[in-house]
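Each remark here refers to the structure printed beneath this line.
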Amino acid sequence: MKKKYRIKKNKDFQSVFKRGKSIANRQFVIYILEKPEQSQFRIGLSVSKKIGNAVTRNRVKRLIRQVFLEEKERILGRREYIIIARKPAADMNYYEVKSSLQHLFRKGSLYRSKK
């Protein structure tokens, strides 16, 4: 992911947690905060040590980033997203992660409307 698409600072994470809305399923929680002044979306990832060792956590983060990379044309811009992985995400393959995140995107109406 390019720098302009990332959330890294703790204060940015906290503002999304405090002022954003959340949607969840068994594998992931997504916090969404609208930012009209931004031109594109930004994502932040949170994968706890409860998920597994560093190799497992990095794998989960890589899979999430890849889904966002493939879906970035369809996802609404001008928002900040924080994705929190839950324990079941550690055992999922790419297609399961993609399916789970797409479910949340539909549930939260995060896809652009087709014209």
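Following the order of the structure tokens, chains are lettered A, B, ..., residues in each are numbered from 1, and ligands are numbered from 1.
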Just the alpha helix (DSSP H) stuff from range 2-112 of chain A, please, per backbone DSSP, written as a VMD selection string.
chain A and resid 10 to 19 54 to 71 94 to 107
Could you find all residues in chain A that DSSP calls strand (DSSP E or B) from the backbone, and write them as a ChimeraX atom specification?
/A:6,21-24,28-34,42-46,75,79-85,111
If you take only C-alpha atoms and a cut-off of 8 Å, which residues of range 54-99 of chain A touch range 27-34 of chain A, and what are their nearest atom pairs and distances in Å to one decimal, in chain and number order, as JSON lines?
{"residue": "A:Arg78", "atom": "CA", "partner": "A:Glu34", "partner_atom": "CA", "distance": 6.1}
{"residue": "A:Arg79", "atom": "CA", "partner": "A:Glu34", "partner_atom": "CA", "distance": 4.4}
{"residue": "A:Glu80", "atom": "CA", "partner": "A:Leu33", "partner_atom": "CA", "distance": 5.2}
{"residue": "A:Tyr81", "atom": "CA", "partner": "A:Ile32", "partner_atom": "CA", "distance": 4.8}
{"residue": "A:Ile82", "atom": "CA", "partner": "A:Tyr31", "partner_atom": "CA", "distance": 5.1}
{"residue": "A:Ile83", "atom": "CA", "partner": "A:Ile30", "partner_atom": "CA", "distance": 4.6}
{"residue": "A:Ile84", "atom": "CA", "partner": "A:Val29", "partner_atom": "CA", "distance": 5.1}
{"residue": "A:Ala85", "atom": "CA", "partner": "A:Phe28", "partner_atom": "CA", "distance": 4.7}
{"residue": "A:Arg86", "atom": "CA", "partner": "A:Gln27", "partner_atom": "CA", "distance": 5.0}
{"residue": "A:Lys87", "atom": "CA", "partner": "A:Gln27", "partner_atom": "CA", "distance": 6.9}
{"residue": "A:Pro88", "atom": "CA", "partner": "A:Gln27", "partner_atom": "CA", "distance": 5.5}
{"residue": "A:Ala89", "atom": "CA", "partner": "A:Gln27", "partner_atom": "CA", "distance": 5.2}
Could you give me, as CSV, a per-residue list for range 51-86 of chain A showing, wherever an atom lies at most 10 Å from an atom of range 97-112 of chain A, the closest pair of atoms and their distance in Å to one decimal, using only C-alpha atoms and sorting by chain then residue number from low to high?
residue,atom,partner,partner_atom,distance
A:Val60,CA,A:Val97,CA,8.5
A:Leu63,CA,A:Val97,CA,7.0
A:Ile64,CA,A:Val97,CA,7.1
A:Gln66,CA,A:Lys98,CA,8.7
A:Val67,CA,A:Lys98,CA,5.8
A:Phe68,CA,A:Lys98,CA,8.9
A:Glu70,CA,A:Lys98,CA,9.6
A:Glu71,CA,A:Gln102,CA,8.8
A:Lys72,CA,A:Tyr111,CA,9.4
A:Glu73,CA,A:Arg112,CA,8.4
A:Arg74,CA,A:Tyr111,CA,5.3
A:Ile75,CA,A:Tyr111,CA,4.6
A:Leu76,CA,A:Arg112,CA,5.4
A:Gly77,CA,A:Arg112,CA,8.7
A:Arg79,CA,A:Leu110,CA,9.7
A:Ile83,CA,A:Leu101,CA,9.4
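Residue nearest Phe41 in chain A within the list A:Arg19, A:Lys4, A:Arg65, A:Arg57: A:Lys4 [criterion: smallest interatomic distance, only C-alpha atoms].
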Taking 4 positions as the minimum chain separation for residues in the same chain, which residues sit within 7 Å of Arg6 in chain A when counting only C-alpha atoms? Answer as a PyMOL selection string.
chain A and resi 2+42-44
